[in-house]
file start-v7.txt (compact mmCIF, C-alpha atoms and all ligand atoms)
# COMPACT_ATOMS: atom_id res chain seq x y z
CA MET A 3 0.00 0.00 0.00
CA LEU A 4 1.34 3.42 -0.93
CA PRO A 5 1.79 5.96 1.86
CA LYS A 6 -0.99 8.55 2.12
CA VAL A 7 -0.18 12.20 1.53
CA ILE A 8 -2.53 15.10 2.14
CA ALA A 9 -2.11 17.87 -0.42
CA THR A 10 -3.62 21.13 0.77
CA MET A 11 -3.57 22.45 -2.79
CA ALA A 12 -4.19 20.71 -6.12
CA PRO A 13 -0.68 20.13 -7.50
CA PRO A 14 -0.22 20.67 -11.24
CA GLU A 15 -0.56 17.56 -13.41
CA SER A 16 3.23 17.28 -13.94
CA VAL A 17 3.67 17.02 -10.17
CA SER A 18 0.73 14.80 -9.31
CA SER A 19 1.84 12.24 -11.89
CA GLN A 20 5.29 12.09 -10.20
CA LEU A 21 3.66 11.82 -6.80
CA SER A 22 1.39 8.97 -7.84
CA ASP A 23 4.52 6.83 -8.30
CA PHE A 24 5.22 6.83 -4.59
CA CYS A 25 2.15 7.97 -2.68
CA GLU A 26 -1.62 8.10 -2.63
CA LEU A 27 -2.67 11.74 -2.83
CA LEU A 28 -5.60 13.08 -0.81
CA THR A 29 -6.30 16.54 -2.20
CA CYS A 30 -8.20 19.06 -0.07
CA ASP A 31 -10.95 21.22 -1.50
CA PRO A 32 -8.94 24.27 -2.62
CA ALA A 33 -11.88 26.56 -1.89
CA THR A 34 -11.90 25.78 1.83
CA GLY A 35 -8.52 24.14 2.44
CA VAL A 36 -10.24 22.09 5.14
CA ILE A 37 -8.43 18.86 6.01
CA PRO A 38 -10.87 16.07 6.99
CA ASP A 39 -9.98 14.56 10.37
CA GLU A 40 -10.09 10.99 9.04
CA TRP A 41 -7.39 11.88 6.51
CA LEU A 42 -5.15 13.18 9.30
CA GLN A 43 -5.62 9.94 11.26
CA SER A 44 -3.96 7.92 8.52
CA ALA A 45 -1.71 10.47 6.77
CA ASP A 46 1.99 9.67 6.34
CA GLY A 47 2.87 12.97 4.72
CA MET A 48 1.62 16.43 3.92
CA LEU A 49 2.30 18.69 0.96
CA CYS A 50 1.23 22.23 1.80
CA THR A 51 1.52 25.89 0.89
CA LEU A 52 1.69 28.97 3.06
CA ASN A 53 -2.13 29.12 3.04
CA THR A 54 -2.33 26.17 5.43
CA PRO A 55 -1.74 26.82 9.13
CA VAL A 56 0.03 23.66 10.31
CA THR A 57 -0.70 23.84 14.01
CA ALA A 58 0.17 21.85 17.13
CA GLY A 59 -3.42 20.53 17.08
CA LEU A 60 -2.91 19.19 13.60
CA PHE A 61 0.20 17.25 14.62
CA SER A 62 -1.69 15.75 17.58
CA ARG A 63 -4.44 14.53 15.23
CA ALA A 64 -1.96 13.00 12.76
CA PRO A 65 -0.16 10.24 14.70
CA GLN A 66 1.46 8.65 11.62
CA LEU A 67 2.78 11.83 10.04
CA LYS A 68 6.41 11.42 8.90
CA VAL A 69 6.97 14.60 6.90
CA VAL A 70 5.52 18.04 6.13
CA SER A 71 6.74 19.45 2.82
CA SER A 72 5.90 23.09 2.18
CA VAL A 73 6.04 24.66 -1.27
CA SER A 74 7.61 27.84 0.14
CA VAL A 75 10.83 29.11 1.63
CA GLY A 76 9.02 30.81 4.53
CA VAL A 77 7.62 28.45 7.15
CA ASP A 78 5.89 30.88 9.50
CA HIS A 79 2.60 29.06 8.81
CA ILE A 80 4.01 25.94 10.49
CA ASP A 81 4.37 25.42 14.25
CA LEU A 82 7.98 24.21 14.11
CA ASP A 83 8.21 23.51 17.85
CA ALA A 84 5.20 21.23 17.60
CA ALA A 85 6.65 19.55 14.50
CA THR A 86 9.93 18.91 16.28
CA ALA A 87 8.19 17.63 19.41
CA ALA A 88 6.21 15.25 17.19
CA ALA A 89 9.51 14.21 15.49
CA VAL A 90 8.17 15.38 12.12
CA PRO A 91 10.78 16.94 9.82
CA VAL A 92 9.56 19.98 7.87
CA GLY A 93 10.87 20.70 4.38
CA ASN A 94 10.97 24.02 2.51
CA THR A 95 12.26 25.27 -0.85
CA PRO A 96 15.19 27.65 -0.23
CA GLY A 97 17.48 29.05 -2.90
CA VAL A 98 15.35 28.57 -5.99
CA LEU A 99 13.18 31.68 -5.50
CA VAL A 100 15.94 34.13 -4.57
CA ASP A 101 16.30 35.82 -7.98
CA SER A 102 12.56 35.96 -8.70
CA THR A 103 11.84 37.58 -5.36
CA ALA A 104 14.72 40.03 -5.70
CA ASP A 105 13.47 40.96 -9.18
CA LEU A 106 10.03 41.70 -7.78
CA ALA A 107 11.51 43.89 -5.03
CA LEU A 108 13.30 45.94 -7.70
CA GLY A 109 10.11 45.98 -9.77
CA LEU A 110 8.20 47.43 -6.84
CA MET A 111 10.94 50.01 -6.25
CA LEU A 112 10.67 51.14 -9.87
CA ALA A 113 6.86 51.00 -9.84
CA VAL A 114 6.77 53.34 -6.84
CA THR A 115 9.65 55.66 -7.76
CA ARG A 116 8.46 56.07 -11.37
CA ARG A 117 4.74 55.91 -10.47
CA LEU A 118 4.04 53.22 -13.07
CA PRO A 119 0.57 51.98 -11.97
CA GLU A 120 -0.63 55.56 -11.54
CA ALA A 121 0.75 56.54 -14.95
CA ASP A 122 -0.83 53.51 -16.61
CA GLN A 123 -4.22 54.44 -15.17
CA PHE A 124 -3.71 58.04 -16.30
CA VAL A 125 -3.22 56.98 -19.90
CA ARG A 126 -6.06 54.43 -19.91
CA LYS A 127 -8.52 56.91 -18.42
CA GLY A 128 -7.86 59.29 -21.30
CA GLU A 129 -6.34 61.91 -19.03
CA TRP A 130 -3.19 62.28 -21.14
CA THR A 131 -4.20 65.38 -23.05
CA ASN A 132 -1.32 67.67 -22.07
CA ALA A 133 1.78 68.28 -24.18
CA TRP A 134 5.11 66.83 -22.96
CA SER A 135 6.45 69.16 -20.29
CA THR A 136 9.40 69.27 -17.97
CA GLY A 137 7.47 69.07 -14.73
CA PHE A 138 5.09 66.27 -15.65
CA PHE A 139 4.68 63.04 -13.58
CA LEU A 140 8.07 63.30 -11.95
CA GLY A 141 9.55 60.54 -9.86
CA THR A 142 12.93 59.77 -8.32
CA ASP A 143 16.02 57.89 -9.53
CA LEU A 144 17.36 54.67 -8.08
CA SER A 145 20.82 55.88 -9.09
CA ARG A 146 20.40 58.91 -6.82
CA SER A 147 18.89 56.86 -3.96
CA THR A 148 20.15 55.10 -0.90
CA VAL A 149 18.58 51.66 -0.69
CA GLY A 150 18.40 50.20 2.83
CA LEU A 151 18.08 46.47 3.32
CA ILE A 152 16.69 44.92 6.49
CA GLY A 153 17.93 41.34 6.37
CA LEU A 154 20.83 40.21 4.20
CA GLY A 155 20.19 36.53 3.57
CA PRO A 156 20.25 35.22 0.01
CA ILE A 157 17.31 37.39 -1.10
CA GLY A 158 18.60 40.56 0.59
CA GLN A 159 21.99 39.99 -1.04
CA ALA A 160 20.39 39.50 -4.45
CA VAL A 161 18.52 42.79 -4.01
CA ALA A 162 21.79 44.48 -2.99
CA LYS A 163 23.47 43.27 -6.19
CA ARG A 164 20.60 44.62 -8.31
CA ALA A 165 20.40 47.97 -6.51
CA LEU A 166 24.17 48.42 -6.87
CA ALA A 167 23.87 47.70 -10.60
CA PHE A 168 21.30 50.52 -10.78
CA GLY A 169 23.86 52.83 -9.22
CA ALA A 170 22.24 53.15 -5.79
CA ARG A 171 24.14 53.43 -2.54
CA VAL A 172 23.27 50.34 -0.51
CA ILE A 173 23.17 50.21 3.28
CA GLY A 174 21.96 47.30 5.34
CA TRP A 175 21.30 45.64 8.64
CA THR A 176 21.41 41.97 9.46
CA ARG A 177 21.13 40.03 12.69
CA THR A 178 24.25 38.04 11.84
CA PRO A 179 26.67 40.65 10.46
CA ARG A 180 28.62 39.48 7.43
CA GLU A 181 30.69 41.24 4.78
CA ILE A 182 28.68 41.79 1.62
CA PRO A 183 30.40 43.49 -1.32
CA GLY A 184 29.18 47.04 -1.76
CA VAL A 185 26.86 47.05 1.27
CA GLU A 186 27.57 49.39 4.20
CA LEU A 187 26.43 47.64 7.37
CA MET A 188 24.87 49.69 10.16
CA SER A 189 22.23 49.50 12.90
CA MET A 190 18.61 49.02 11.91
CA ASP A 191 17.73 52.54 13.08
CA GLU A 192 20.55 53.98 10.95
CA VAL A 193 19.32 52.06 7.91
CA LEU A 194 15.76 53.28 8.41
CA SER A 195 16.77 56.91 8.88
CA GLY A 196 19.41 56.87 6.14
CA ALA A 197 17.54 55.15 3.31
CA ASP A 198 15.33 56.62 0.61
CA ILE A 199 14.00 53.13 -0.03
CA THR A 200 13.91 50.44 2.66
CA SER A 201 13.29 46.85 1.60
CA LEU A 202 12.54 44.00 4.03
CA HIS A 203 14.21 40.61 3.60
CA THR A 204 14.02 38.80 6.88
CA ALA A 205 12.05 35.70 7.81
CA LEU A 206 8.94 36.11 9.97
CA VAL A 207 9.74 34.58 13.36
CA PRO A 208 8.49 35.65 16.81
CA GLU A 209 11.41 38.15 17.16
CA THR A 210 10.68 39.84 13.83
CA ARG A 211 6.88 40.13 14.14
CA ASN A 212 5.98 43.84 13.88
CA LEU A 213 9.68 44.62 13.43
CA ILE A 214 8.61 47.79 11.62
CA GLY A 215 6.19 49.65 13.90
CA ALA A 216 5.23 53.28 14.42
CA ARG A 217 8.65 54.09 15.96
CA GLU A 218 10.57 52.61 13.03
CA LEU A 219 8.28 54.24 10.44
CA ALA A 220 8.85 57.58 12.15
CA LEU A 221 12.60 57.15 11.67
CA MET A 222 12.18 56.98 7.89
CA LYS A 223 12.71 60.18 5.88
CA PRO A 224 9.61 62.05 4.70
CA GLY A 225 8.77 60.72 1.23
CA ALA A 226 10.79 57.52 1.76
CA ILE A 227 9.57 54.22 0.35
CA LEU A 228 8.98 50.93 2.18
CA ILE A 229 9.14 47.73 0.09
CA ASN A 230 7.94 44.39 1.47
CA THR A 231 8.28 41.13 -0.45
CA ALA A 232 8.98 39.08 2.71
CA ARG A 233 6.02 38.67 5.07
CA GLY A 234 3.20 41.02 6.05
CA GLY A 235 3.66 40.23 9.74
CA LEU A 236 7.02 42.08 9.72
CA ILE A 237 5.11 45.37 9.61
CA ASP A 238 2.60 46.83 12.06
CA GLU A 239 0.09 47.35 9.24
CA PRO A 240 -2.25 49.85 10.97
CA ALA A 241 0.81 52.00 11.78
CA LEU A 242 1.87 51.85 8.12
CA VAL A 243 -1.63 52.79 6.96
CA ASP A 244 -1.46 55.88 9.20
CA VAL A 245 1.77 57.18 7.65
CA LEU A 246 0.66 56.32 4.11
CA GLN A 247 -2.65 58.07 4.57
CA ALA A 248 -0.83 61.11 5.94
CA GLY A 249 1.29 61.10 2.76
CA ARG A 250 4.48 60.85 4.81
CA LEU A 251 5.76 57.60 3.25
CA LYS A 252 5.23 55.54 0.09
CA ALA A 253 5.11 51.77 -0.20
CA GLY A 254 5.35 48.80 -2.54
CA LEU A 255 3.79 45.74 -0.95
CA ASP A 256 3.61 42.12 -2.10
CA VAL A 257 2.70 40.62 1.28
CA PHE A 258 0.14 41.52 3.92
CA ALA A 259 -0.84 40.77 7.50
CA GLU A 260 -3.90 38.98 6.13
CA GLU A 261 -3.93 37.33 2.68
CA PRO A 262 -5.87 37.64 0.47
CA LEU A 263 -6.02 41.31 1.43
CA PRO A 264 -9.53 41.84 2.89
CA ALA A 265 -11.95 43.85 0.74
CA ASN A 266 -12.20 46.48 3.48
CA SER A 267 -8.45 46.88 4.01
CA PRO A 268 -7.57 50.57 4.38
CA LEU A 269 -4.46 49.85 2.28
CA LEU A 270 -6.70 49.69 -0.80
CA THR A 271 -7.23 53.43 -0.65
CA THR A 272 -3.86 54.70 0.58
CA PRO A 273 -2.06 57.05 -1.81
CA ASN A 274 1.46 56.41 -3.17
CA THR A 275 1.09 52.68 -2.63
CA VAL A 276 1.61 49.85 -5.10
CA LEU A 277 -0.03 46.56 -4.13
CA VAL A 278 0.55 43.14 -5.70
CA PRO A 279 -0.86 39.75 -4.58
CA HIS A 280 2.11 37.78 -3.09
CA LEU A 281 3.96 37.28 -6.38
CA GLY A 282 7.60 37.15 -5.20
CA SER A 283 8.22 33.63 -6.52
CA ALA A 284 5.56 33.76 -9.24
CA THR A 285 7.44 32.83 -12.39
CA ALA A 286 6.78 29.56 -14.20
CA ALA A 287 10.37 28.34 -13.84
CA THR A 288 10.66 29.26 -10.17
CA ARG A 289 7.35 27.69 -9.19
CA GLN A 290 8.41 24.49 -10.98
CA ALA A 291 11.73 24.52 -9.12
CA MET A 292 9.88 25.00 -5.81
CA LEU A 293 7.53 22.12 -6.57
CA ASP A 294 10.51 19.94 -7.53
CA ARG A 295 12.18 20.62 -4.17
CA ALA A 296 8.94 19.97 -2.34
CA VAL A 297 8.55 16.61 -4.10
CA ILE A 298 12.15 15.64 -3.25
CA ASN A 299 11.57 16.51 0.40
CA LEU A 300 8.30 14.59 0.50
CA ARG A 301 9.77 11.49 -1.10
CA ALA A 302 12.73 11.49 1.30
CA GLY A 303 10.48 11.98 4.34
CA LEU A 304 8.17 9.13 3.37
CA ALA A 305 11.19 6.86 2.83
CA GLY A 306 12.52 7.73 6.30
CA GLU A 307 15.52 9.49 4.78
CA PRO A 308 16.79 12.96 5.83
CA LEU A 309 15.06 15.76 3.90
CA PRO A 310 17.46 17.54 1.53
CA TYR A 311 15.96 20.89 2.63
CA CYS A 312 14.90 20.63 6.25
CA VAL A 313 14.12 23.57 8.56
CA ASN A 314 14.02 21.56 11.81
CA PRO A 315 16.76 18.94 11.70
CA GLU A 316 16.33 18.73 15.51
CA ALA A 317 13.24 16.64 14.73
CA TYR A 318 15.58 13.72 14.03
CA ASP A 319 16.80 13.78 17.64
CA ALA A 320 13.30 13.99 19.12
C1 LIG B 401 6.75 32.63 -0.42
O1 LIG B 401 6.36 33.61 0.13
C2 LIG B 401 7.61 31.67 0.16
O2 LIG B 401 7.88 31.71 1.37
O3 LIG B 401 8.07 30.80 -0.60
C1 LIG B 402 15.87 33.11 1.20
O1 LIG B 402 16.31 32.11 0.70
C2 LIG B 402 16.46 34.06 2.17
O2 LIG B 402 16.46 33.75 3.37
O3 LIG B 402 16.95 35.13 1.80

call {"tool": "encode", "arguments": {"input": "start-v7.txt", "output": "structure tokens"}}
result
Amino acid sequence: MLPKVIATMAPPESVSSQLSDFCELLTCDPATGVIPDEWLQSADGMLCTLNTPVTAGLFSRAPQLKVVSSVSVGVDHIDLDAATAAAVPVGNTPGVLVDSTADLALGLMLAVTRRLPEADQFVRKGEWTNAWSTGFFLGTDLSRSTVGLIGLGPIGQAVAKRALAFGARVIGWTRTPREIPGVELMSMDEVLSGADITSLHTALVPETRNLIGARELALMKPGAILINTARGGLIDEPALVDVLQAGRLKAGLDVFAEEPLPANSPLLTTPNTVLVPHLGSATAATRQAMLDRAVINLRAGLAGEPLPYCVNPEAYDA
């Protein structure tokens, strides 16, 4: 009998055909994401996305679970302590989405500095009736900007490389200081107060929740830009809404405290804000590479072998 794997999303055909070689797939209703209790009782593995909260309660209802494989690099949706206590290794997909996410961060920087969504709307609405003039629709230059990076892991470093290529000065803060070519390291407060554009690239863990609150936003220069392609929970969102509504800061956001962004979110009406729906890794090649890693992790976990990409290797000692 093949091991049973709960998939919390419907994997693409290319992936489900690979999976059917080594497991029986139980696919949740994508509309609700609800996992039936009787599936948990007998599940050997789980393939999930960041939409699925993988809680301590879930581990306690899944006594046979041998592996959780998430199609994401971030694992803040998974209770890692509970996974480790239950001796369940958790796999993620690091590395393969670094360039795509860094590209999107730069895209958001350009969209905000050059006002691209606003300009697009202007043309489509038929408002472009004026002659070309020197003071029209002005923005700012990356080459004349200081870009500040909060977090300098692989994605932060990839953003640094891109911003340097654009001619920006790059300053940064990281919890584990390391030499990065072209990046001037300083304290987080110095980055926030020195940057024209601050971009967040740290994982969401208890210590980084609401890392950017009212105090930190107040340190940023008037007119400065906040870019977030990491996790919404890094920012105190109501505090950000306040400064955006006041016109003090601008923002380019790919991630939000609650996703999908609720229809009544005040962010939908803030000025100088570009919003996109969690697209950091959304290229065909990167998503395929993430799925490939997730399948490799799942297969290893079901076979009782170490996961190639494991976020809680302590689980093997539990
Ligand atoms: C996406 O946000 C991921 O963590 O892979
Ligand atoms: C992603 O791989 C990161 O931590 O930067």

call {"tool": "residues_around", "arguments": {"input": "start-v7.txt", "residues": "Asn314 of chain A", "least_positions_apart": "6", "cutoff": "12 Å", "atoms": "all atoms listed in the file", "output": "MDAnalysis selection string"}}
result
chainID A and resid 69:71 77 80:94 308 320

call {"tool": "residues_near_ligand", "arguments": {"input": "start-v7.txt", "ligand": "ligand LIG 401 (chain B)", "cutoff": "7 Å", "atoms": "only C-alpha atoms and all ligand atoms", "output": "ChimeraX atom specification"}}
result
/A:52,73-77,95,232,280,282-283

call {"tool": "write_last_selection", "arguments": {"input": "start-v7.txt", "atoms": "C-alpha atoms", "output": "JSON list (two decimals), keeping the file's coordinate frame"}}
result
[["chain", "number", "residue", "atom", "x", "y", "z"],
["A", 52, "LEU", "CA", 1.69, 28.97, 3.06],
["A", 73, "VAL", "CA", 6.04, 24.66, -1.27],
["A", 74, "SER", "CA", 7.61, 27.84, 0.14],
["A", 75, "VAL", "CA", 10.83, 29.11, 1.63],
["A", 76, "GLY", "CA", 9.02, 30.81, 4.53],
["A", 77, "VAL", "CA", 7.62, 28.45, 7.15],
["A", 95, "THR", "CA", 12.26, 25.27, -0.85],
["A", 232, "ALA", "CA", 8.98, 39.08, 2.71],
["A", 280, "HIS", "CA", 2.11, 37.78, -3.09],
["A", 282, "GLY", "CA", 7.60, 37.15, -5.20],
["A", 283, "SER", "CA", 8.22, 33.63, -6.52]]

call {"tool": "atom_distance", "arguments": {"input": "start-v7.txt", "atom1": "atom CA of Gly97 of chain A", "atom2": "atom CA of Arg289 of chain A"}}
result
12.0 Å

call {"tool": "closest_atom_pairs", "arguments": {"input": "start-v7.txt", "of": "chain A", "to": "ligand LIG 402 (chain B)", "cutoff": "12 Å", "atoms": "only C-alpha atoms and all ligand atoms", "output": "tab-separated table"}}
result
residue	atom	partner	partner_atom	distance
A:Ser74	CA	B:LIG402	O1	9.7
A:Val75	CA	B:LIG402	O1	6.3
A:Gly76	CA	B:LIG402	C1	8.0
A:Val77	CA	B:LIG402	O2	11.0
A:Asn94	CA	B:LIG402	O1	9.9
A:Thr95	CA	B:LIG402	O1	8.1
A:Pro96	CA	B:LIG402	O1	4.7
A:Gly97	CA	B:LIG402	O1	4.9
A:Val98	CA	B:LIG402	O1	7.6
A:Leu99	CA	B:LIG402	O1	7.0
A:Val100	CA	B:LIG402	O1	5.7
A:Asp101	CA	B:LIG402	O1	9.4
A:Ser102	CA	B:LIG402	C1	10.8
A:Thr103	CA	B:LIG402	C1	8.9
A:Ala104	CA	B:LIG402	O3	9.2
A:Leu151	CA	B:LIG402	O3	11.5
A:Ile152	CA	B:LIG402	O3	10.9
A:Gly153	CA	B:LIG402	O3	7.8
A:Leu154	CA	B:LIG402	O3	6.8
A:Gly155	CA	B:LIG402	O3	3.9
A:Pro156	CA	B:LIG402	O3	3.8
A:Ile157	CA	B:LIG402	O3	3.7
A:Gly158	CA	B:LIG402	O3	5.8
A:Gln159	CA	B:LIG402	O3	7.6
A:Ala160	CA	B:LIG402	O3	8.4
A:Val161	CA	B:LIG402	O3	9.7
A:Ala162	CA	B:LIG402	O3	11.6
A:Thr176	CA	B:LIG402	O3	11.2
A:Leu202	CA	B:LIG402	O3	10.2
A:His203	CA	B:LIG402	O3	6.4
A:Thr204	CA	B:LIG402	O2	6.6
A:Ala205	CA	B:LIG402	O2	6.6
A:Leu206	CA	B:LIG402	O2	10.3
A:Thr231	CA	B:LIG402	O3	10.8
A:Ala232	CA	B:LIG402	O3	8.9
A:Arg233	CA	B:LIG402	O2	11.7
A:Gly282	CA	B:LIG402	C1	11.2
A:Ser283	CA	B:LIG402	C1	10.9
A:Met292	CA	B:LIG402	O1	11.6
A:Tyr311	CA	B:LIG402	O1	11.4
A:Val313	CA	B:LIG402	O2	11.7

call {"tool": "residues_around", "arguments": {"input": "start-v7.txt", "residues": "Lys252 of chain A", "least_positions_apart": "5", "cutoff": "12 Å", "atoms": "all atoms listed in the file", "output": "PDB file with C-alpha atoms, keeping the file's coordinate frame"}}
result
ATOM      1  CA  LEU A 110       8.200  47.430  -6.840  1.00  0.00           C
ATOM      2  CA  MET A 111      10.940  50.010  -6.250  1.00  0.00           C
ATOM      3  CA  ALA A 113       6.860  51.000  -9.840  1.00  0.00           C
ATOM      4  CA  VAL A 114       6.770  53.340  -6.840  1.00  0.00           C
ATOM      5  CA  THR A 115       9.650  55.660  -7.760  1.00  0.00           C
ATOM      6  CA  ARG A 116       8.460  56.070 -11.370  1.00  0.00           C
ATOM      7  CA  ARG A 117       4.740  55.910 -10.470  1.00  0.00           C
ATOM      8  CA  GLY A 141       9.550  60.540  -9.860  1.00  0.00           C
ATOM      9  CA  ASP A 198      15.330  56.620   0.610  1.00  0.00           C
ATOM     10  CA  ILE A 199      14.000  53.130  -0.030  1.00  0.00           C
ATOM     11  CA  THR A 200      13.910  50.440   2.660  1.00  0.00           C
ATOM     12  CA  SER A 201      13.290  46.850   1.600  1.00  0.00           C
ATOM     13  CA  LEU A 219       8.280  54.240  10.440  1.00  0.00           C
ATOM     14  CA  MET A 222      12.180  56.980   7.890  1.00  0.00           C
ATOM     15  CA  LYS A 223      12.710  60.180   5.880  1.00  0.00           C
ATOM     16  CA  PRO A 224       9.610  62.050   4.700  1.00  0.00           C
ATOM     17  CA  GLY A 225       8.770  60.720   1.230  1.00  0.00           C
ATOM     18  CA  ALA A 226      10.790  57.520   1.760  1.00  0.00           C
ATOM     19  CA  ILE A 227       9.570  54.220   0.350  1.00  0.00           C
ATOM     20  CA  LEU A 228       8.980  50.930   2.180  1.00  0.00           C
ATOM     21  CA  ILE A 229       9.140  47.730   0.090  1.00  0.00           C
ATOM     22  CA  ASN A 230       7.940  44.390   1.470  1.00  0.00           C
ATOM     23  CA  LEU A 242       1.870  51.850   8.120  1.00  0.00           C
ATOM     24  CA  VAL A 243      -1.630  52.790   6.960  1.00  0.00           C
ATOM     25  CA  ASP A 244      -1.460  55.880   9.200  1.00  0.00           C
ATOM     26  CA  VAL A 245       1.770  57.180   7.650  1.00  0.00           C
ATOM     27  CA  LEU A 246       0.660  56.320   4.110  1.00  0.00           C
ATOM     28  CA  GLN A 247      -2.650  58.070   4.570  1.00  0.00           C
ATOM     29  CA  LEU A 269      -4.460  49.850   2.280  1.00  0.00           C
ATOM     30  CA  THR A 272      -3.860  54.700   0.580  1.00  0.00           C
ATOM     31  CA  PRO A 273      -2.060  57.050  -1.810  1.00  0.00           C
ATOM     32  CA  ASN A 274       1.460  56.410  -3.170  1.00  0.00           C
ATOM     33  CA  THR A 275       1.090  52.680  -2.630  1.00  0.00           C
ATOM     34  CA  VAL A 276       1.610  49.850  -5.100  1.00  0.00           C
ATOM     35  CA  LEU A 277      -0.030  46.560  -4.130  1.00  0.00           C
TER      36      LEU A 277
END

call {"tool": "atom_distance", "arguments": {"input": "start-v7.txt", "atom1": "atom CA of Glu192 of chain A", "atom2": "atom CA of Leu213 of chain A"}}
result
14.6 Å
